[in-house]
file entry-v5.pdb (PDB, C-alpha atoms)
ATOM      1  CA  MET X1314     -33.055  10.974 -11.588
ATOM      2  CA  VAL X1315     -32.121   7.349 -10.921
ATOM      3  CA  LYS X1316     -30.767   6.925 -14.465
ATOM      4  CA  LEU X1317     -28.661  10.069 -14.104
ATOM      5  CA  THR X1318     -27.246   8.843 -10.785
ATOM      6  CA  LYS X1319     -26.417   5.438 -12.326
ATOM      7  CA  ARG X1320     -24.757   7.155 -15.301
ATOM      8  CA  ILE X1321     -22.677   9.414 -13.035
ATOM      9  CA  GLY X1322     -21.727   6.440 -10.846
ATOM     10  CA  GLY X1323     -20.507   4.524 -13.892
ATOM     11  CA  LEU X1324     -18.598   7.554 -15.145
ATOM     12  CA  VAL X1325     -16.894   8.056 -11.786
ATOM     13  CA  LEU X1326     -15.930   4.366 -11.676
ATOM     14  CA  ARG X1327     -14.536   4.562 -15.222
ATOM     15  CA  LEU X1328     -12.577   7.735 -14.453
ATOM     16  CA  ALA X1329     -11.120   6.179 -11.301
ATOM     17  CA  ALA X1330     -10.172   2.990 -13.184
ATOM     18  CA  PHE X1331      -8.557   5.081 -15.919
ATOM     19  CA  GLY X1332      -6.584   7.054 -13.333
ATOM     20  CA  ALA X1333      -5.390   3.945 -11.505
ATOM     21  CA  ALA X1334      -4.305   2.155 -14.684
ATOM     22  CA  LEU X1335      -2.543   5.281 -15.938
ATOM     23  CA  ALA X1336      -0.814   5.755 -12.570
ATOM     24  CA  ALA X1337       0.385   2.133 -12.607
ATOM     25  CA  LEU X1338       1.693   2.644 -16.128
ATOM     26  CA  ILE X1339       3.555   5.874 -15.347
ATOM     27  CA  VAL X1340       5.080   4.647 -12.089
ATOM     28  CA  MET X1341       6.293   1.411 -13.695
ATOM     29  CA  VAL X1342       7.739   3.157 -16.776
ATOM     30  CA  THR X1343       9.670   5.637 -14.630
ATOM     31  CA  SER X1344      11.126   2.956 -12.343
ATOM     32  CA  ARG X1345      14.890   2.977 -12.713
ATOM     33  CA  GLU X1346      17.867   2.983 -10.372
ATOM     34  CA  ARG X1347      21.618   2.597 -10.731
ATOM     35  CA  ALA X1348      23.720   1.046  -7.985
ATOM     36  CA  SER X1349      27.381   0.127  -7.624
ATOM     37  CA  PHE X1350      29.003  -2.507  -5.448
ATOM     38  CA  PHE X1351      32.744  -2.563  -5.398
ATOM     39  CA  ALA X1352      33.648  -2.284  -9.110
ATOM     40  CA  VAL X1353      30.363  -3.637 -10.464
ATOM     41  CA  SER X1354      27.636  -1.263 -11.633
ATOM     42  CA  LEU X1355      24.010  -2.355 -11.854
ATOM     43  CA  GLU X1356      21.112  -0.539 -13.470
ATOM     44  CA  ALA X1357      17.644  -1.850 -12.624
ATOM     45  CA  LYS X1358      14.802  -0.860 -14.934
ATOM     46  CA  TYR X1359      11.410  -2.304 -15.773
ATOM     47  CA  THR X1360      12.518  -3.327 -19.281
ATOM     48  CA  ASP X1361      14.843  -5.934 -17.771
ATOM     49  CA  MET X1362      11.894  -8.209 -16.994
ATOM     50  CA  ALA X1363       9.345  -9.480 -19.516
ATOM     51  CA  ALA X1364       6.614  -9.593 -16.844
ATOM     52  CA  PHE X1365       7.091  -5.891 -16.121
ATOM     53  CA  LYS X1366       6.934  -5.112 -19.858
ATOM     54  CA  TYR X1367       3.694  -7.094 -20.053
ATOM     55  CA  PHE X1368       2.356  -5.142 -17.057
ATOM     56  CA  VAL X1369       3.153  -1.861 -18.843
ATOM     57  CA  ILE X1370       1.561  -2.972 -22.117
ATOM     58  CA  ALA X1371      -1.554  -4.268 -20.359
ATOM     59  CA  ASN X1372      -1.998  -1.052 -18.374
ATOM     60  CA  ALA X1373      -1.448   1.004 -21.536
ATOM     61  CA  VAL X1374      -4.165  -0.965 -23.352
ATOM     62  CA  VAL X1375      -6.536  -0.625 -20.391
ATOM     63  CA  SER X1376      -5.791   3.108 -20.071
ATOM     64  CA  VAL X1377      -6.508   3.764 -23.753
ATOM     65  CA  TYR X1378      -9.667   1.669 -23.624
ATOM     66  CA  SER X1379     -10.830   3.409 -20.438
ATOM     67  CA  PHE X1380     -10.213   6.819 -21.978
ATOM     68  CA  LEU X1381     -12.019   6.032 -25.238
ATOM     69  CA  ILE X1382     -15.026   4.463 -23.549
ATOM     70  CA  LEU X1383     -15.612   7.705 -21.620
ATOM     71  CA  PHE X1384     -16.741   9.293 -24.890
ATOM     72  CA  LEU X1385     -19.167   6.548 -25.922
ATOM     73  CA  PRO X1386     -22.685   8.007 -26.102
ATOM     74  CA  LYS X1387     -25.215   6.634 -23.635
ATOM     75  CA  GLU X1388     -27.590   5.685 -26.446
ATOM     76  CA  SER X1389     -25.013   3.665 -28.373
ATOM     77  CA  LEU X1390     -25.707   0.004 -29.066
ATOM     78  CA  LEU X1391     -22.050  -0.700 -28.329
ATOM     79  CA  TRP X1392     -22.727  -0.724 -24.575
ATOM     80  CA  LYS X1393     -23.650  -4.420 -24.800
ATOM     81  CA  PHE X1394     -20.226  -5.049 -26.310
ATOM     82  CA  VAL X1395     -18.630  -2.943 -23.559
ATOM     83  CA  VAL X1396     -19.546  -5.666 -21.061
ATOM     84  CA  VAL X1397     -17.411  -8.131 -23.024
ATOM     85  CA  LEU X1398     -14.579  -5.615 -23.342
ATOM     86  CA  ASP X1399     -14.743  -4.858 -19.608
ATOM     87  CA  LEU X1400     -14.362  -8.591 -18.967
ATOM     88  CA  VAL X1401     -11.373  -8.776 -21.321
ATOM     89  CA  MET X1402      -9.740  -5.762 -19.644
ATOM     90  CA  THR X1403     -10.340  -7.283 -16.198
ATOM     91  CA  MET X1404      -8.684 -10.537 -17.286
ATOM     92  CA  LEU X1405      -5.802  -8.613 -18.880
ATOM     93  CA  LEU X1406      -5.205  -6.681 -15.663
ATOM     94  CA  THR X1407      -5.422  -9.877 -13.612
ATOM     95  CA  SER X1408      -2.872 -11.747 -15.691
ATOM     96  CA  SER X1409      -0.419  -8.854 -15.943
ATOM     97  CA  LEU X1410      -0.638  -8.110 -12.229
ATOM     98  CA  SER X1411      -0.091 -11.776 -11.380
ATOM     99  CA  ALA X1412       2.985 -12.015 -13.586
ATOM    100  CA  ALA X1413       4.467  -8.764 -12.271
ATOM    101  CA  LEU X1414       3.789  -9.768  -8.651
ATOM    102  CA  ALA X1415       5.593 -13.069  -9.154
ATOM    103  CA  VAL X1416       8.677 -11.366 -10.565
ATOM    104  CA  ALA X1417       8.588  -8.672  -7.869
ATOM    105  CA  GLN X1418       8.439 -11.344  -5.176
ATOM    106  CA  VAL X1419      11.558 -13.018  -6.573
ATOM    107  CA  GLY X1420      13.274  -9.626  -6.745
ATOM    108  CA  LYS X1421      12.421  -8.914  -3.145
ATOM    109  CA  LYS X1422      12.965 -12.313  -1.523
ATOM    110  CA  GLY X1423      15.109 -14.148  -4.066
ATOM    111  CA  ASN X1424      14.820 -17.880  -4.594
ATOM    112  CA  ALA X1425      17.287 -20.011  -2.672
ATOM    113  CA  ASN X1426      16.416 -23.173  -4.611
ATOM    114  CA  ALA X1427      17.286 -21.538  -7.932
ATOM    115  CA  GLY X1428      20.222 -19.589  -6.516
ATOM    116  CA  TRP X1429      18.639 -16.197  -7.242
ATOM    117  CA  LEU X1430      19.591 -13.486  -4.810
ATOM    118  CA  PRO X1431      17.227 -10.667  -3.821
ATOM    119  CA  ILE X1432      18.047  -7.306  -5.401
ATOM    120  CA  CYS X1433      15.889  -4.932  -3.353
ATOM    121  CA  GLY X1434      18.700  -4.401  -0.844
ATOM    122  CA  GLN X1435      20.869  -2.944  -3.616
ATOM    123  CA  VAL X1436      18.187  -0.943  -5.471
ATOM    124  CA  PRO X1437      15.537   0.022  -2.889
ATOM    125  CA  LYS X1438      14.159   3.013  -4.841
ATOM    126  CA  PHE X1439      13.506   0.777  -7.829
ATOM    127  CA  CYS X1440      11.725  -1.787  -5.661
ATOM    128  CA  ASP X1441       9.651   0.920  -3.978
ATOM    129  CA  GLN X1442       8.522   2.221  -7.378
ATOM    130  CA  ILE X1443       7.656  -1.287  -8.533
ATOM    131  CA  THR X1444       5.630  -1.757  -5.335
ATOM    132  CA  GLY X1445       3.796   1.521  -6.005
ATOM    133  CA  ALA X1446       3.019   0.474  -9.572
ATOM    134  CA  LEU X1447       1.716  -2.885  -8.374
ATOM    135  CA  ILE X1448      -0.502  -1.213  -5.764
ATOM    136  CA  ALA X1449      -1.942   1.128  -8.423
ATOM    137  CA  GLY X1450      -2.421  -1.893 -10.690
ATOM    138  CA  PHE X1451      -4.292  -3.712  -7.924
ATOM    139  CA  VAL X1452      -6.542  -0.671  -7.397
ATOM    140  CA  ALA X1453      -7.227  -0.606 -11.152
ATOM    141  CA  LEU X1454      -8.087  -4.314 -11.039
ATOM    142  CA  VAL X1455     -10.525  -3.870  -8.141
ATOM    143  CA  LEU X1456     -12.164  -0.939  -9.932
ATOM    144  CA  TYR X1457     -12.464  -2.986 -13.109
ATOM    145  CA  VAL X1458     -14.135  -5.831 -11.223
ATOM    146  CA  LEU X1459     -16.619  -3.286  -9.865
ATOM    147  CA  LEU X1460     -17.041  -1.851 -13.378
ATOM    148  CA  LEU X1461     -17.691  -5.314 -14.747
ATOM    149  CA  LEU X1462     -20.406  -5.894 -12.152
ATOM    150  CA  TYR X1463     -21.857  -2.455 -12.896
ATOM    151  CA  SER X1464     -21.796  -3.108 -16.651
ATOM    152  CA  LEU X1465     -23.486  -6.472 -16.200
ATOM    153  CA  HIS X1466     -26.168  -4.894 -14.040
ATOM    154  CA  SER X1467     -26.700  -2.048 -16.522
ATOM    155  CA  VAL X1468     -27.130  -4.373 -19.495
ATOM    156  CA  VAL X1469     -29.017  -7.228 -17.825
ATOM    157  CA  ASP X1470     -31.388  -5.062 -15.730
ATOM    158  CA  PRO X1471     -33.094  -3.339 -18.721
ATOM    159  CA  PHE X1472     -33.233  -6.696 -20.504
ATOM    160  CA  LEU X1473     -35.108  -8.285 -17.591
ATOM    161  CA  LEU X1474     -37.467  -5.315 -17.367
ATOM    162  CA  GLN X1475     -38.415  -5.755 -21.031
ATOM    163  CA  LYS X1476     -39.372  -9.413 -20.432
ATOM    164  CA  SER X1477     -41.838  -8.522 -17.658
TER     165      SER X1477
END

call {"tool": "encode", "arguments": {"input": "entry-v5.pdb", "output": "structure tokens"}}
result
Amino acid sequence: MVKLTKRIGGLVLRLAAFGAALAALIVMVTSRERASFFAVSLEAKYTDMAAFKYFVIANAVVSVYSFLILFLPKESLLWKFVVVLDLVMTMLLTSSLSAALAVAQVGKKGNANAGWLPICGQVPKFCDQITGALIAGFVALVLYVLLLLYSLHSVVDPFLLQKS
């Protein structure tokens, strides 16, 4: 019964992480807004910033990985390798979220020293979508940290029991 509960707990965590990463991906990819000031037209989209592209690619990789790992049999010897892959996915989410947050902060507040003006006043819908994607990305990151701890416990615990 305990093993079944642990297996279901891990599955629920993996499904939630998959959903959060996929949500971050979809919200970021659909972020777009067009605005006009006087005679100048501006279209804001995620592809304008390399950090946002990296965020999309990272969440796509994590989503595919999360989906595929759901079908890995419990008895597979690959579960020891899954711990390493969970660590890689956690680091990938961390780096992409950090880069996207930095760019979003400049978009929201600007940078007076560099002479960059904030754009969120002109394209608020775009900025709101970016914020939503970043929140979903943060949720995915937290879930992946929990998954990493769960994976470590699942692999190390049976190993320690065999030594006794």

call {"tool": "resolve_selection", "arguments": {"input": "entry-v5.pdb", "expression": "the PyMOL selection byres ((chain X and resi 1457-1462) around 9)", "output": "NGL selection string"}}
result
:X and (1323 or 1326-1327 or 1330 or 1396-1397 or 1399-1400 or 1402-1403 or 1406 or 1452-1456 or 1463-1467)

call {"tool": "resolve_selection", "arguments": {"input": "entry-v5.pdb", "expression": "the PyMOL selection byres ((chain X and resi 1375-1379) around 7)", "output": "PyMOL selection string"}}
result
chain X and resi 1327+1331+1334-1335+1371-1374+1380-1383+1402

call {"tool": "atom_distance", "arguments": {"input": "entry-v5.pdb", "atom1": "atom CA of X:Thr1343", "atom2": "atom CA of X:Val1419"}}
result
20.4 Å

call {"tool": "resolve_selection", "arguments": {"input": "entry-v5.pdb", "expression": "the PyMOL selection byres ((chain X and resi 1444) around 12)", "output": "CSV table (one decimal) with C-alpha atoms, in the frame of the given file"}}
result
chain,number,residue,atom,x,y,z
X,1337,ALA,CA,0.4,2.1,-12.6
X,1340,VAL,CA,5.1,4.6,-12.1
X,1341,MET,CA,6.3,1.4,-13.7
X,1344,SER,CA,11.1,3.0,-12.3
X,1359,TYR,CA,11.4,-2.3,-15.8
X,1365,PHE,CA,7.1,-5.9,-16.1
X,1410,LEU,CA,-0.6,-8.1,-12.2
X,1413,ALA,CA,4.5,-8.8,-12.3
X,1414,LEU,CA,3.8,-9.8,-8.7
X,1415,ALA,CA,5.6,-13.1,-9.2
X,1416,VAL,CA,8.7,-11.4,-10.6
X,1417,ALA,CA,8.6,-8.7,-7.9
X,1418,GLN,CA,8.4,-11.3,-5.2
X,1420,GLY,CA,13.3,-9.6,-6.7
X,1421,LYS,CA,12.4,-8.9,-3.1
X,1433,CYS,CA,15.9,-4.9,-3.4
X,1437,PRO,CA,15.5,0.0,-2.9
X,1438,LYS,CA,14.2,3.0,-4.8
X,1439,PHE,CA,13.5,0.8,-7.8
X,1440,CYS,CA,11.7,-1.8,-5.7
X,1441,ASP,CA,9.7,0.9,-4.0
X,1442,GLN,CA,8.5,2.2,-7.4
X,1443,ILE,CA,7.7,-1.3,-8.5
X,1445,GLY,CA,3.8,1.5,-6.0
X,1446,ALA,CA,3.0,0.5,-9.6
X,1447,LEU,CA,1.7,-2.9,-8.4
X,1448,ILE,CA,-0.5,-1.2,-5.8
X,1449,ALA,CA,-1.9,1.1,-8.4
X,1450,GLY,CA,-2.4,-1.9,-10.7
X,1451,PHE,CA,-4.3,-3.7,-7.9

call {"tool": "atom_distance", "arguments": {"input": "entry-v5.pdb", "atom1": "atom CA of X:Val1353", "atom2": "atom CA of X:Phe1368"}}
result
28.8 Å

call {"tool": "atom_distance", "arguments": {"input": "entry-v5.pdb", "atom1": "atom CA of X:Arg1345", "atom2": "atom CA of X:Ile1370"}}
result
17.4 Å

call {"tool": "closest_residue", "arguments": {"input": "entry-v5.pdb", "among": "X:Ile1321, X:Lys1358, X:Val1436, X:Val1468", "to": "X:Val1395", "atoms": "only C-alpha atoms"}}
result
X:Val1468

call {"tool": "closest_residue", "arguments": {"input": "entry-v5.pdb", "among": "X:Thr1360, X:Val1342, X:Arg1320, X:Lys1366", "to": "X:Ser1409", "atoms": "all atoms listed in the file"}}
result
X:Lys1366

call {"tool": "axis_aligned_box", "arguments": {"input": "entry-v5.pdb", "around": "stretch 1458-1462 of chain X", "padding_each_side": "4 Å", "output": "lines of an AutoDock Vina configuration file"}}
result
center_x = -17.3
center_y = -3.9
center_z = -12.3
size_x = 14.3
size_y = 12.0
size_z = 12.9

call {"tool": "decode", "arguments": {"input": "entry-v5.pdb", "residues": "stretch 1407-1471 of chain X", "atoms": "C-alpha atoms", "output": "PDB file, in the first residue's frame"}}
result
ATOM      1  CA  THR X1407      15.877  27.811 -13.300  1.00  0.00           C
ATOM      2  CA  SER X1408      18.096  29.368 -15.941  1.00  0.00           C
ATOM      3  CA  SER X1409      15.287  30.083 -18.399  1.00  0.00           C
ATOM      4  CA  LEU X1410      13.073  31.587 -15.709  1.00  0.00           C
ATOM      5  CA  SER X1411      15.925  33.779 -14.475  1.00  0.00           C
ATOM      6  CA  ALA X1412      16.667  35.087 -17.957  1.00  0.00           C
ATOM      7  CA  ALA X1413      13.001  35.742 -18.747  1.00  0.00           C
ATOM      8  CA  LEU X1414      12.455  37.475 -15.389  1.00  0.00           C
ATOM      9  CA  ALA X1415      15.386  39.798 -16.031  1.00  0.00           C
ATOM     10  CA  VAL X1416      14.051  40.824 -19.431  1.00  0.00           C
ATOM     11  CA  ALA X1417      10.505  41.191 -18.079  1.00  0.00           C
ATOM     12  CA  GLN X1418      11.776  43.451 -15.305  1.00  0.00           C
ATOM     13  CA  VAL X1419      13.455  45.733 -17.845  1.00  0.00           C
ATOM     14  CA  GLY X1420      10.263  45.741 -19.916  1.00  0.00           C
ATOM     15  CA  LYS X1421       8.211  46.707 -16.907  1.00  0.00           C
ATOM     16  CA  LYS X1422      10.495  49.205 -15.170  1.00  0.00           C
ATOM     17  CA  GLY X1423      12.934  50.194 -17.909  1.00  0.00           C
ATOM     18  CA  ASN X1424      16.539  51.045 -17.156  1.00  0.00           C
ATOM     19  CA  ALA X1425      17.306  54.724 -16.720  1.00  0.00           C
ATOM     20  CA  ASN X1426      21.077  54.183 -16.796  1.00  0.00           C
ATOM     21  CA  ALA X1427      20.905  52.526 -20.214  1.00  0.00           C
ATOM     22  CA  GLY X1428      18.170  54.828 -21.496  1.00  0.00           C
ATOM     23  CA  TRP X1429      15.649  51.998 -21.924  1.00  0.00           C
ATOM     24  CA  LEU X1430      12.063  53.024 -21.418  1.00  0.00           C
ATOM     25  CA  PRO X1431       9.431  50.697 -19.943  1.00  0.00           C
ATOM     26  CA  ILE X1432       6.981  49.288 -22.489  1.00  0.00           C
ATOM     27  CA  CYS X1433       4.272  47.835 -20.245  1.00  0.00           C
ATOM     28  CA  GLY X1434       2.360  51.124 -20.276  1.00  0.00           C
ATOM     29  CA  GLN X1435       1.943  50.822 -24.050  1.00  0.00           C
ATOM     30  CA  VAL X1436       1.293  47.058 -24.271  1.00  0.00           C
ATOM     31  CA  PRO X1437      -0.316  46.014 -20.963  1.00  0.00           C
ATOM     32  CA  LYS X1438      -1.984  42.847 -22.321  1.00  0.00           C
ATOM     33  CA  PHE X1439       1.372  41.590 -23.547  1.00  0.00           C
ATOM     34  CA  CYS X1440       2.986  42.276 -20.174  1.00  0.00           C
ATOM     35  CA  ASP X1441       0.121  40.576 -18.338  1.00  0.00           C
ATOM     36  CA  GLN X1442       0.547  37.457 -20.486  1.00  0.00           C
ATOM     37  CA  ILE X1443       4.294  37.453 -19.896  1.00  0.00           C
ATOM     38  CA  THR X1444       3.627  37.732 -16.150  1.00  0.00           C
ATOM     39  CA  GLY X1445       1.219  34.780 -16.351  1.00  0.00           C
ATOM     40  CA  ALA X1446       3.772  32.694 -18.235  1.00  0.00           C
ATOM     41  CA  LEU X1447       6.445  33.530 -15.672  1.00  0.00           C
ATOM     42  CA  ILE X1448       4.135  32.578 -12.794  1.00  0.00           C
ATOM     43  CA  ALA X1449       3.356  29.229 -14.469  1.00  0.00           C
ATOM     44  CA  GLY X1450       7.088  28.767 -15.067  1.00  0.00           C
ATOM     45  CA  PHE X1451       7.792  29.427 -11.389  1.00  0.00           C
ATOM     46  CA  VAL X1452       5.142  26.866 -10.385  1.00  0.00           C
ATOM     47  CA  ALA X1453       6.767  24.350 -12.752  1.00  0.00           C
ATOM     48  CA  LEU X1454      10.155  25.087 -11.176  1.00  0.00           C
ATOM     49  CA  VAL X1455       8.851  24.561  -7.632  1.00  0.00           C
ATOM     50  CA  LEU X1456       7.202  21.299  -8.694  1.00  0.00           C
ATOM     51  CA  TYR X1457      10.423  20.146 -10.327  1.00  0.00           C
ATOM     52  CA  VAL X1458      12.393  20.872  -7.159  1.00  0.00           C
ATOM     53  CA  LEU X1459       9.867  18.744  -5.267  1.00  0.00           C
ATOM     54  CA  LEU X1460      10.127  16.062  -7.972  1.00  0.00           C
ATOM     55  CA  LEU X1461      13.896  16.097  -7.686  1.00  0.00           C
ATOM     56  CA  LEU X1462      13.674  15.570  -3.930  1.00  0.00           C
ATOM     57  CA  TYR X1463      11.101  12.816  -4.465  1.00  0.00           C
ATOM     58  CA  SER X1464      13.271  11.136  -7.110  1.00  0.00           C
ATOM     59  CA  LEU X1465      16.317  11.284  -4.858  1.00  0.00           C
ATOM     60  CA  HIS X1466      14.342   9.773  -2.000  1.00  0.00           C
ATOM     61  CA  SER X1467      12.916   7.035  -4.239  1.00  0.00           C
ATOM     62  CA  VAL X1468      16.317   5.989  -5.569  1.00  0.00           C
ATOM     63  CA  VAL X1469      18.416   6.439  -2.425  1.00  0.00           C
ATOM     64  CA  ASP X1470      15.901   4.921   0.040  1.00  0.00           C
ATOM     65  CA  PRO X1471      15.853   1.417  -1.555  1.00  0.00           C
TER      66      PRO X1471
END
